[in-house]
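Shown next: query_22.tsv, containing TSV, C-alpha atoms and all ligand atoms.
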chain	number	residue	atom	x	y	z
A	1	MET	CA	-39.50	15.09	12.29
A	2	MET	CA	-38.86	18.74	11.89
A	3	GLY	CA	-36.62	21.37	13.34
A	4	SER	CA	-36.28	25.09	13.49
A	5	ARG	CA	-35.00	25.17	9.92
A	6	LYS	CA	-38.65	24.82	8.98
A	7	VAL	CA	-39.35	28.23	10.46
A	8	ARG	CA	-36.57	29.76	8.42
A	9	ASN	CA	-38.01	28.33	5.25
A	10	ALA	CA	-41.52	29.46	6.03
A	11	ALA	CA	-40.32	33.01	6.57
A	12	LEU	CA	-39.21	33.09	2.99
A	13	GLY	CA	-42.54	31.93	1.67
A	14	PHE	CA	-43.77	35.46	1.12
A	15	PHE	CA	-41.61	35.94	-1.95
A	16	PRO	CA	-43.74	34.41	-4.71
A	17	ALA	CA	-46.75	36.63	-4.22
A	18	LEU	CA	-45.07	39.86	-3.32
A	19	VAL	CA	-42.99	40.05	-6.47
A	20	LEU	CA	-46.12	39.88	-8.56
A	21	ILE	CA	-48.16	42.30	-6.56
A	22	LEU	CA	-45.83	44.89	-5.14
A	23	ALA	CA	-42.88	45.54	-7.38
A	24	PRO	CA	-43.92	47.97	-10.10
A	25	HIS	CA	-40.47	48.05	-11.65
A	26	ALA	CA	-40.31	44.29	-11.76
A	27	ALA	CA	-43.95	43.48	-12.38
A	28	ARG	CA	-44.62	41.34	-15.40
A	29	ALA	CA	-47.50	39.47	-16.90
A	30	ALA	CA	-48.23	36.26	-15.05
A	31	ASP	CA	-46.69	34.12	-17.79
A	32	GLY	CA	-43.58	36.33	-17.97
A	33	GLU	CA	-42.55	36.14	-14.32
A	34	THR	CA	-39.05	35.34	-13.30
A	35	ALA	CA	-38.94	31.91	-11.76
A	36	PRO	CA	-37.01	31.48	-8.54
A	37	ALA	CA	-33.70	29.83	-9.36
A	38	ARG	CA	-30.17	30.43	-8.26
A	39	ASP	CA	-27.73	32.29	-10.46
A	40	PRO	CA	-25.43	29.55	-11.79
A	41	LYS	CA	-22.62	32.12	-12.08
A	42	GLN	CA	-22.69	32.92	-8.37
A	43	ALA	CA	-20.76	30.57	-6.12
A	44	VAL	CA	-22.59	28.68	-3.40
A	45	ASP	CA	-21.41	28.75	0.21
A	46	GLU	CA	-20.85	25.01	0.30
A	47	ALA	CA	-20.19	24.66	4.03
A	48	TYR	CA	-23.29	26.65	5.00
A	49	THR	CA	-25.40	24.79	2.44
A	50	ALA	CA	-24.20	21.43	3.75
A	51	LYS	CA	-25.39	22.43	7.22
A	52	ILE	CA	-28.77	23.51	5.85
A	53	GLN	CA	-29.12	20.04	4.42
A	54	LYS	CA	-27.89	18.38	7.59
A	55	TYR	CA	-30.33	20.21	9.87
A	56	THR	CA	-33.36	20.03	7.56
A	57	THR	CA	-34.91	16.75	8.58
A	58	ALA	CA	-36.89	16.05	5.39
A	59	PRO	CA	-36.41	17.37	1.85
A	60	TYR	CA	-39.97	18.67	1.63
A	61	PHE	CA	-39.25	21.22	4.38
A	62	THR	CA	-37.13	23.22	1.98
A	63	SER	CA	-37.53	24.74	-1.49
A	64	PRO	CA	-35.43	26.08	-4.37
A	65	LEU	CA	-35.65	29.49	-2.69
A	66	VAL	CA	-33.60	28.47	0.32
A	67	ASN	CA	-31.94	25.10	-0.27
A	68	TYR	CA	-28.61	26.78	-0.97
A	69	LEU	CA	-26.85	29.83	0.34
A	70	PRO	CA	-25.18	32.15	-2.16
A	71	ALA	CA	-21.56	32.89	-1.30
A	72	SER	CA	-20.10	36.32	-0.77
A	73	LYS	CA	-16.45	37.30	-0.45
A	74	ASN	CA	-17.09	40.22	1.87
A	75	VAL	CA	-20.54	39.87	3.43
A	76	PRO	CA	-20.65	37.66	6.54
A	77	THR	CA	-23.30	34.98	6.93
A	78	PRO	CA	-25.25	34.59	10.19
A	79	GLU	CA	-22.60	32.05	11.19
A	80	ALA	CA	-20.29	34.99	11.98
A	81	VAL	CA	-22.40	35.78	15.04
A	82	LEU	CA	-24.23	32.53	15.77
A	83	GLY	CA	-21.25	30.21	15.35
A	84	ASP	CA	-23.54	28.03	13.23
A	85	VAL	CA	-26.18	28.51	10.55
A	86	ALA	CA	-29.56	30.15	11.20
A	87	GLY	CA	-31.92	27.50	12.53
A	88	ALA	CA	-29.15	25.27	13.92
A	89	PRO	CA	-30.20	23.07	16.85
A	90	GLY	CA	-29.45	24.59	20.25
A	91	VAL	CA	-28.71	28.08	18.93
A	92	LEU	CA	-31.05	30.81	20.16
A	93	PRO	CA	-29.52	34.31	20.09
A	94	TYR	CA	-30.40	37.28	22.27
A	95	ALA	CA	-31.75	40.33	20.46
A	96	GLU	CA	-28.41	42.12	20.82
A	97	ASP	CA	-26.71	39.29	18.89
A	98	VAL	CA	-29.31	39.55	16.14
A	99	TYR	CA	-28.66	43.31	15.99
A	100	LYS	CA	-24.91	42.75	16.00
A	101	TYR	CA	-25.29	40.63	12.87
A	102	MET	CA	-27.57	43.13	11.14
A	103	ARG	CA	-24.98	45.84	11.80
A	104	LEU	CA	-22.22	43.61	10.42
A	105	LEU	CA	-24.34	43.29	7.27
A	106	GLU	CA	-24.77	47.06	7.12
A	107	LYS	CA	-21.01	47.54	7.40
A	108	ALA	CA	-20.25	44.95	4.71
A	109	SER	CA	-22.98	45.73	2.17
A	110	PRO	CA	-24.27	48.99	0.64
A	111	ARG	CA	-27.56	47.16	0.25
A	112	VAL	CA	-28.34	47.18	3.98
A	113	LYS	CA	-29.14	50.00	6.41
A	114	VAL	CA	-30.06	49.60	10.08
A	115	PHE	CA	-32.37	52.07	11.82
A	116	SER	CA	-33.07	52.37	15.52
A	117	ILE	CA	-36.86	52.67	15.96
A	118	GLY	CA	-37.20	53.13	19.71
A	119	THR	CA	-36.81	51.32	22.98
A	120	THR	CA	-38.85	48.87	25.04
A	121	GLU	CA	-40.32	49.23	28.53
A	122	GLU	CA	-37.02	47.95	29.92
A	123	GLY	CA	-34.90	50.19	27.69
A	124	ARG	CA	-33.85	47.63	25.09
A	125	GLU	CA	-33.46	48.84	21.52
A	126	MET	CA	-35.78	47.98	18.65
A	127	ILE	CA	-34.47	48.15	15.10
A	128	ALA	CA	-35.65	48.09	11.49
A	129	VAL	CA	-33.30	46.80	8.79
A	130	ALA	CA	-33.81	48.09	5.25
A	131	VAL	CA	-32.55	45.94	2.39
A	132	SER	CA	-32.66	47.22	-1.19
A	133	SER	CA	-30.34	48.33	-3.97
A	134	PRO	CA	-27.71	50.96	-3.01
A	135	GLU	CA	-29.47	53.48	-5.27
A	136	ASN	CA	-32.82	52.86	-3.61
A	137	LEU	CA	-31.29	53.23	-0.16
A	138	LYS	CA	-29.65	56.50	-1.20
A	139	ASN	CA	-33.05	57.86	-2.27
A	140	LEU	CA	-35.10	56.81	0.72
A	141	GLU	CA	-36.26	60.34	1.49
A	142	GLU	CA	-37.35	61.06	-2.08
A	143	ASN	CA	-39.20	57.77	-2.13
A	144	ARG	CA	-40.86	58.49	1.19
A	145	ALA	CA	-42.02	61.87	-0.15
A	146	ARG	CA	-43.65	60.17	-3.16
A	147	LEU	CA	-45.34	57.57	-0.97
A	148	ALA	CA	-46.55	60.33	1.38
A	149	LYS	CA	-48.27	62.07	-1.54
A	150	LEU	CA	-49.97	58.83	-2.50
A	151	ALA	CA	-50.94	58.26	1.12
A	152	ASP	CA	-52.71	61.62	1.25
A	153	PRO	CA	-54.03	62.40	-2.25
A	154	ARG	CA	-55.24	65.82	-1.11
A	155	THR	CA	-51.59	66.82	-1.52
A	156	ILE	CA	-51.89	66.18	-5.27
A	157	LYS	CA	-55.41	67.59	-5.50
A	158	LEU	CA	-56.84	64.12	-6.22
A	159	ASP	CA	-55.13	64.16	-9.63
A	160	ASP	CA	-55.21	60.62	-11.03
A	161	ASP	CA	-52.54	61.28	-13.66
A	162	GLU	CA	-50.20	62.61	-11.00
A	163	ALA	CA	-50.96	59.57	-8.86
A	164	ASP	CA	-50.13	57.24	-11.76
A	165	LYS	CA	-46.81	59.02	-12.23
A	166	LEU	CA	-46.00	58.69	-8.55
A	167	VAL	CA	-46.90	54.99	-8.55
A	168	ALA	CA	-44.55	54.45	-11.49
A	169	GLN	CA	-41.72	56.26	-9.70
A	170	ALA	CA	-42.23	55.05	-6.14
A	171	LEU	CA	-40.95	51.86	-4.57
A	172	PRO	CA	-43.22	49.95	-2.20
A	173	VAL	CA	-42.05	49.12	1.31
A	174	TYR	CA	-42.65	45.58	2.58
A	175	TYR	CA	-42.33	45.57	6.37
A	176	ILE	CA	-41.69	42.19	8.04
A	177	THR	CA	-41.83	41.72	11.82
A	178	GLY	CA	-40.75	38.73	13.91
A	179	THR	CA	-41.26	37.35	17.39
A	180	ILE	CA	-43.95	39.52	18.91
A	181	HIS	CA	-44.69	36.27	20.79
A	182	SER	CA	-41.60	35.31	22.74
A	183	PRO	CA	-42.13	31.51	22.82
A	184	GLU	CA	-42.32	31.60	19.00
A	185	THR	CA	-38.58	31.65	18.64
A	186	GLY	CA	-37.61	31.03	15.03
A	187	ALA	CA	-38.19	34.35	13.28
A	188	PRO	CA	-35.09	36.32	14.41
A	189	THR	CA	-32.58	33.84	12.98
A	190	ALA	CA	-34.79	33.30	9.93
A	191	LEU	CA	-34.77	37.04	9.34
A	192	MET	CA	-30.99	37.27	9.80
A	193	GLU	CA	-30.62	34.81	6.95
A	194	LEU	CA	-33.34	36.51	4.89
A	195	ALA	CA	-31.46	39.82	5.15
A	196	TYR	CA	-28.26	38.10	4.00
A	197	ARG	CA	-30.01	36.48	1.05
A	198	LEU	CA	-31.66	39.70	-0.04
A	199	ALA	CA	-28.35	41.54	0.18
A	200	VAL	CA	-26.16	38.95	-1.52
A	201	ASP	CA	-28.11	36.77	-3.93
A	202	GLU	CA	-27.60	37.72	-7.60
A	203	SER	CA	-30.35	35.51	-9.01
A	204	PRO	CA	-32.76	37.47	-11.24
A	205	TYR	CA	-35.62	36.63	-8.88
A	206	ILE	CA	-33.95	38.17	-5.84
A	207	ARG	CA	-32.55	41.08	-7.86
A	208	GLU	CA	-36.09	41.99	-8.88
A	209	ILE	CA	-37.08	42.16	-5.24
A	210	ARG	CA	-33.97	44.16	-4.30
A	211	ASP	CA	-34.33	46.64	-7.14
A	212	GLY	CA	-38.11	46.87	-7.10
A	213	MET	CA	-38.92	47.42	-3.43
A	214	ILE	CA	-37.58	48.18	0.00
A	215	THR	CA	-37.73	45.27	2.40
A	216	LEU	CA	-37.87	46.47	5.98
A	217	ILE	CA	-37.27	43.99	8.80
A	218	THR	CA	-37.80	44.23	12.54
A	219	PRO	CA	-36.32	40.90	13.58
A	220	VAL	CA	-37.46	41.07	17.22
A	221	VAL	CA	-40.67	42.91	18.17
A	222	GLU	CA	-40.95	41.79	21.82
A	223	VAL	CA	-37.33	42.39	22.77
A	224	ASP	CA	-37.72	42.19	26.58
A	225	GLY	CA	-39.55	38.88	26.24
A	226	ARG	CA	-37.09	37.52	23.71
A	227	ASP	CA	-34.23	37.97	26.11
A	228	ARG	CA	-36.16	36.24	28.90
A	229	MET	CA	-36.99	33.41	26.50
A	230	VAL	CA	-33.33	32.95	25.62
A	231	ASP	CA	-32.48	33.01	29.35
A	232	ILE	CA	-34.83	30.14	30.17
A	233	TYR	CA	-33.91	28.19	27.03
A	234	ARG	CA	-30.23	28.36	27.89
A	235	TRP	CA	-31.04	27.37	31.48
A	236	HIS	CA	-32.96	24.41	30.05
A	237	LEU	CA	-29.96	23.36	27.92
A	238	ALA	CA	-27.80	23.50	31.02
A	239	HIS	CA	-30.36	21.56	33.12
A	240	PRO	CA	-31.96	19.15	30.67
A	241	LYS	CA	-33.40	16.89	33.37
A	242	ASP	CA	-35.09	19.66	35.35
A	243	PHE	CA	-38.57	21.08	34.79
A	244	TYR	CA	-38.44	23.57	31.92
A	245	PRO	CA	-40.78	26.40	32.91
A	246	PRO	CA	-42.68	28.48	30.36
A	247	LEU	CA	-42.58	32.26	30.44
A	248	ILE	CA	-45.27	33.78	32.66
A	249	TYR	CA	-45.24	37.11	30.81
A	250	TRP	CA	-44.08	37.23	27.20
A	251	GLY	CA	-42.76	40.78	27.74
A	252	LYS	CA	-42.61	43.10	30.75
A	253	TYR	CA	-46.36	43.38	31.35
A	254	VAL	CA	-48.26	41.19	28.90
A	255	ALA	CA	-48.32	37.60	27.71
A	256	HIS	CA	-49.95	36.51	24.46
A	257	ASP	CA	-52.19	39.58	24.27
A	258	ASN	CA	-49.43	41.96	23.23
A	259	ASN	CA	-50.97	41.14	19.86
A	260	ARG	CA	-54.22	42.83	20.90
A	261	ASP	CA	-52.68	46.27	21.38
A	262	ALA	CA	-52.89	47.83	17.92
A	263	MET	CA	-55.89	49.99	18.88
A	264	GLY	CA	-54.90	50.95	22.42
A	265	VAL	CA	-51.16	51.32	21.68
A	266	THR	CA	-50.33	50.83	25.35
A	267	LEU	CA	-47.07	48.97	24.71
A	268	LYS	CA	-43.81	50.36	23.42
A	269	LEU	CA	-43.59	47.61	20.81
A	270	THR	CA	-46.90	48.66	19.27
A	271	GLU	CA	-45.94	52.33	19.37
A	272	ASN	CA	-42.57	51.68	17.73
A	273	VAL	CA	-43.95	49.43	14.98
A	274	LEU	CA	-46.84	51.85	14.34
A	275	ASN	CA	-44.47	54.81	14.03
A	276	THR	CA	-42.18	52.81	11.73
A	277	TYR	CA	-45.03	51.61	9.53
A	278	VAL	CA	-46.59	55.05	9.23
A	279	GLY	CA	-43.26	56.89	9.05
A	280	TRP	CA	-41.98	54.76	6.18
A	281	LYS	CA	-45.38	54.87	4.41
A	282	ALA	CA	-45.12	51.11	4.06
A	283	GLN	CA	-47.60	49.15	1.96
A	284	VAL	CA	-47.43	45.83	3.81
A	285	LEU	CA	-47.02	44.75	7.42
A	286	HIS	CA	-46.26	41.03	7.62
A	287	ASP	CA	-46.04	39.54	11.12
A	288	LEU	CA	-44.44	36.12	11.67
A	289	HIS	CA	-45.91	33.69	14.21
A	290	GLU	CA	-45.64	30.01	15.11
A	291	SER	CA	-48.23	27.44	16.08
A	292	VAL	CA	-49.56	25.00	13.53
A	293	PRO	CA	-48.17	22.90	10.66
A	294	TYR	CA	-46.82	23.53	8.13
A	295	LEU	CA	-47.39	27.02	6.78
A	296	TYR	CA	-50.69	28.73	7.50
A	297	ASP	CA	-51.08	31.96	5.56
A	298	ASN	CA	-53.85	32.92	7.89
A	299	THR	CA	-54.46	36.47	6.78
A	300	VAL	CA	-57.44	35.31	4.75
A	301	GLY	CA	-59.01	33.93	7.91
A	302	ASP	CA	-62.68	33.57	8.17
A	303	GLY	CA	-65.60	35.95	7.90
A	304	PRO	CA	-67.15	38.15	8.94
A	305	TYR	CA	-64.45	40.56	7.84
A	306	ASN	CA	-64.13	43.79	9.73
A	307	ALA	CA	-66.67	46.15	8.20
A	308	TRP	CA	-64.16	49.01	8.20
A	309	VAL	CA	-61.60	47.06	6.18
A	310	ASP	CA	-61.54	48.06	2.52
A	311	PRO	CA	-63.07	45.28	0.36
A	312	ILE	CA	-60.07	45.67	-1.95
A	313	LEU	CA	-57.89	44.54	0.95
A	314	THR	CA	-59.96	41.46	1.67
A	315	ASP	CA	-59.62	40.55	-1.99
A	316	GLU	CA	-55.86	41.09	-1.76
A	317	TRP	CA	-55.66	38.81	1.29
A	318	GLN	CA	-57.29	36.07	-0.74
A	319	MET	CA	-55.26	36.71	-3.88
A	320	ILE	CA	-51.92	36.65	-2.04
A	321	GLY	CA	-52.90	33.69	0.13
A	322	ALA	CA	-54.04	31.59	-2.81
A	323	ARG	CA	-50.89	32.49	-4.72
A	324	ASN	CA	-48.73	31.39	-1.82
A	325	VAL	CA	-50.52	28.07	-1.52
A	326	ALA	CA	-50.18	27.44	-5.25
A	327	ASP	CA	-46.51	28.39	-5.48
A	328	MET	CA	-45.35	26.53	-2.40
A	329	THR	CA	-47.37	23.47	-3.35
A	330	LYS	CA	-45.57	23.54	-6.70
A	331	PHE	CA	-42.36	23.27	-4.69
A	332	SER	CA	-43.82	20.03	-3.23
A	333	MET	CA	-43.97	21.57	0.23
A	334	PRO	CA	-46.81	19.88	2.11
A	335	GLY	CA	-49.57	21.43	4.14
A	336	VAL	CA	-49.49	25.04	2.96
A	337	PHE	CA	-52.97	26.40	3.58
A	338	THR	CA	-54.82	29.65	3.82
A	339	HIS	CA	-58.40	28.94	4.84
A	340	GLY	CA	-58.91	28.49	8.56
A	341	ASP	CA	-60.68	29.81	11.61
A	342	PHE	CA	-59.15	33.19	12.24
A	343	ASP	CA	-60.89	36.28	13.45
A	344	THR	CA	-60.60	38.92	10.76
A	345	TRP	CA	-62.81	41.33	12.68
A	346	SER	CA	-60.66	42.52	15.59
A	347	PRO	CA	-58.42	45.44	14.69
A	348	GLY	CA	-56.16	44.75	17.70
A	349	TYR	CA	-53.56	42.62	15.95
A	350	LEU	CA	-50.21	44.20	15.17
A	351	MET	CA	-50.66	43.54	11.45
A	352	PHE	CA	-53.96	45.46	11.56
A	353	ILE	CA	-51.88	48.62	11.81
A	354	ALA	CA	-51.58	48.13	8.04
A	355	ALA	CA	-55.19	47.10	7.48
A	356	MET	CA	-56.36	50.29	9.22
A	357	HIS	CA	-53.97	52.56	7.30
A	358	ASN	CA	-54.87	51.55	3.74
A	359	GLY	CA	-52.12	48.94	3.66
A	360	ILE	CA	-51.96	45.16	3.37
A	361	SER	CA	-51.85	43.14	6.59
A	362	ARG	CA	-50.24	39.71	6.46
A	363	LEU	CA	-49.58	36.98	9.02
A	364	TYR	CA	-47.99	33.54	8.87
A	365	GLU	CA	-48.16	30.71	11.34
A	366	THR	CA	-45.76	27.82	11.14
A	367	PHE	CA	-44.56	25.11	13.49
A	368	GLY	CA	-42.45	26.33	16.36
A	369	ASN	CA	-41.15	24.56	19.37
A	370	GLY	CA	-40.34	27.11	22.05
A	371	GLY	CA	-36.61	26.74	21.68
A	372	ALA	CA	-34.11	25.69	19.04
A	373	ASP	CA	-34.53	21.94	19.17
A	374	THR	CA	-35.16	19.32	16.55
A	375	THR	CA	-38.28	17.52	17.70
A	376	SER	CA	-40.92	15.17	16.41
A	377	ARG	CA	-44.45	16.56	16.36
A	378	PRO	CA	-47.69	15.25	14.91
A	379	ALA	CA	-49.27	17.42	12.26
A	380	PHE	CA	-52.34	17.65	14.45
A	381	SER	CA	-52.53	17.55	18.23
A	382	PRO	CA	-55.65	18.26	20.26
A	383	PRO	CA	-55.07	21.68	21.87
A	384	SER	CA	-55.37	20.17	25.34
A	385	ILE	CA	-52.12	18.25	25.00
A	386	ILE	CA	-50.06	21.08	23.54
A	387	SER	CA	-48.32	23.12	26.20
A	388	THR	CA	-48.24	26.89	26.08
A	389	ARG	CA	-44.54	26.80	25.49
A	390	THR	CA	-44.65	24.54	22.49
A	391	SER	CA	-47.79	25.79	20.81
A	392	GLY	CA	-47.29	29.53	20.63
A	393	CYS	CA	-50.45	30.91	19.05
A	394	SER	CA	-53.26	28.40	19.37
A	395	SER	CA	-54.40	27.28	15.96
A	396	ARG	CA	-58.11	27.77	16.22
A	397	ILE	CA	-58.75	30.83	18.30
A	398	PHE	CA	-55.77	33.02	19.07
A	399	ILE	CA	-53.22	34.72	16.88
B	401	ZN	ZN	-48.06	34.21	17.87

Any chance you could give the structure as structure tokens?
Amino acid sequence: MMGSRKVRNAALGFFPALVLILAPHAARAADGETAPARDPKQAVDEAYTAKIQKYTTAPYFTSPLVNYLPASKNVPTPEAVLGDVAGAPGVLPYAEDVYKYMRLLEKASPRVKVFSIGTTEEGREMIAVAVSSPENLKNLEENRARLAKLADPRTIKLDDDEADKLVAQALPVYYITGTIHSPETGAPTALMELAYRLAVDESPYIREIRDGMITLITPVVEVDGRDRMVDIYRWHLAHPKDFYPPLIYWGKYVAHDNNRDAMGVTLKLTENVLNTYVGWKAQVLHDLHESVPYLYDNTVGDGPYNAWVDPILTDEWQMIGARNVADMTKFSMPGVFTHGDFDTWSPGYLMFIAAMHNGISRLYETFGNGGADTTSRPAFSPPSIISTRTSGCSSRIFI
């Protein structure tokens, strides 16, 4: 048995590796890393935590990173908008509700800023939410200028010493994107809770992330499709005995293949994410998907690797993937894997915007269920018996 809480937990799985690799101010030798553990001096939101436990159907679906929610006196939890915790059964918010929460966070915390990054084909807004320390958020422009120099070393006359100085002063930007595929429904609420945790948690582990980098979050990439998905899910809740149709298109024009558009840039979502990634000079683009159990860090994929991808990047894919498997396995979370059949040649995937701009592309797959229901699913089902609605990305061919 598993429910949409699993998706929330998987979304947080990127932490172990990124602290090691991306946070120069927090980086330490491997044996001197800060272990994830809550700050005993910070109160826990007991009611929210009790619901996490209630909705998580087996203990191994959670980890010390997310099995509690730190309390805050003035920052609202996702419950303020959802009426329940992120990942609660039956709760699937429209994009505008997700944005409403992100803007509540921005109002309540100096650690959060919300940016409008464009509109969709149907005129819906897309956003990016930056979470970092107040000082880092105050100095975004200075930081962007440093990253821009590193991005184009001609501006520093290829001076290695100058580059080293800039690396020491600059903060990396880790850009996370959710729900490019509308039937893969868990990421927006997972990212609402992630933003809260990053803004509120005082544990040394989270503080290192907050002080040492800028986390940038686009909680809904395919906004038109998300709203259609919520429409049909709510119709389904109201008509549980009637046929529950899948989406025909997952956005205005395209179904699954909106994640083939990174070269052509024919869709507004690709254009807006590309401009955000390049404009912020981000180092990582990490796209969240749903299909297979339990957590597939599929960036490593399978050869042959695209010949125009820097070999350093393919090494980084493997390093980060292996680190994730090791760390999450240490948490006794089952089925975390990184080797699988995934095409690492095509540059059409959204995350390849990073791979083709000297950045790090990342992608997770985890179980999803096309709604917000607690369901029972086998760890493996032959593709023929998995419906489009419940499978999201197919495990063996499509991402
Ligand atoms: Zn997908």

Point to revise | Which of A:Val131, A:Leu216, A:Val173, A:Ala255 sits closest to ligand ZN 401 (chain B) [using all atoms listed in the file] | key: A:Ala255

Review point. Counting all atoms listed in the file, which residues come within 10 Å of (-28.3, 28.9, 14.5), with the point read in the file's coordinates, and could you list them as a count of residues only?
Key: 23

**Study point:** Neighbours of point (-45.8, 33.2, 27.0) within 9 Å, using all atoms listed in the file, written as a PyMOL selection string
**Key:** chain A and resi 181-184+225+229+246-251+254-256+388-389+392

**Study point:** Top pick for closest residue to ligand ZN 401 (chain B), considering A:Thr77, A:Thr177, A:Thr270, A:Asn306 and counting only C-alpha atoms and all ligand atoms
**Key:** A:Thr177

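Computed from the coordinates, the CA of Arg146 (chain A) to CA of Asp164 (chain A) distance equals 11.2 Å.
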
Compile the contact shell of region 99-111 of chain A as a PDB file with C-alpha atoms, in the coordinates of the input: residues with an atom at most 8 Å away, counting only C-alpha atoms, same-chain residues fewer than 6 positions apart removed.
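Full text of part.pdb as output:
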ATOM      1  CA  ASN A  74     -17.090  40.220   1.870  1.00  0.00           C
ATOM      2  CA  VAL A  75     -20.540  39.870   3.430  1.00  0.00           C
ATOM      3  CA  PRO A  76     -20.650  37.660   6.540  1.00  0.00           C
ATOM      4  CA  PRO A  78     -25.250  34.590  10.190  1.00  0.00           C
ATOM      5  CA  ALA A  80     -20.290  34.990  11.980  1.00  0.00           C
ATOM      6  CA  VAL A  81     -22.400  35.780  15.040  1.00  0.00           C
ATOM      7  CA  ILE A 127     -34.470  48.150  15.100  1.00  0.00           C
ATOM      8  CA  VAL A 129     -33.300  46.800   8.790  1.00  0.00           C
ATOM      9  CA  VAL A 131     -32.550  45.940   2.390  1.00  0.00           C
ATOM     10  CA  SER A 132     -32.660  47.220  -1.190  1.00  0.00           C
ATOM     11  CA  SER A 133     -30.340  48.330  -3.970  1.00  0.00           C
ATOM     12  CA  PRO A 134     -27.710  50.960  -3.010  1.00  0.00           C
ATOM     13  CA  LEU A 137     -31.290  53.230  -0.160  1.00  0.00           C
ATOM     14  CA  MET A 192     -30.990  37.270   9.800  1.00  0.00           C
ATOM     15  CA  ALA A 195     -31.460  39.820   5.150  1.00  0.00           C
ATOM     16  CA  TYR A 196     -28.260  38.100   4.000  1.00  0.00           C
ATOM     17  CA  ALA A 199     -28.350  41.540   0.180  1.00  0.00           C
TER      18      ALA A 199
END

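Each of A:Gly178, A:Gly348, A:Gly371, A:Pro172 was checked against Val265 (chain A) using only C-alpha atoms; the smallest atom-to-atom distance is that of A:Gly348.
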
Revision key, fill the gap. Between A:Asn369, A:Asn136, A:Ser332, A:Ser203, smallest distance to ligand ZN 401 (chain B) by all atoms listed in the file belongs to A:Asn369

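The space separating CA of Gln169 (chain A) from CA of Ser361 (chain A) comes to 23.2 Å.
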
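Across A:Tyr233, A:Phe61, A:Tyr364, A:Trp308, the tightest approach to ligand ZN 401 (chain B) is made by A:Tyr364 when counting only C-alpha atoms and all ligand atoms.
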
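Between CA of Ala282 (chain A) and CA of Glu125 (chain A) there is a distance of 21.1 Å.
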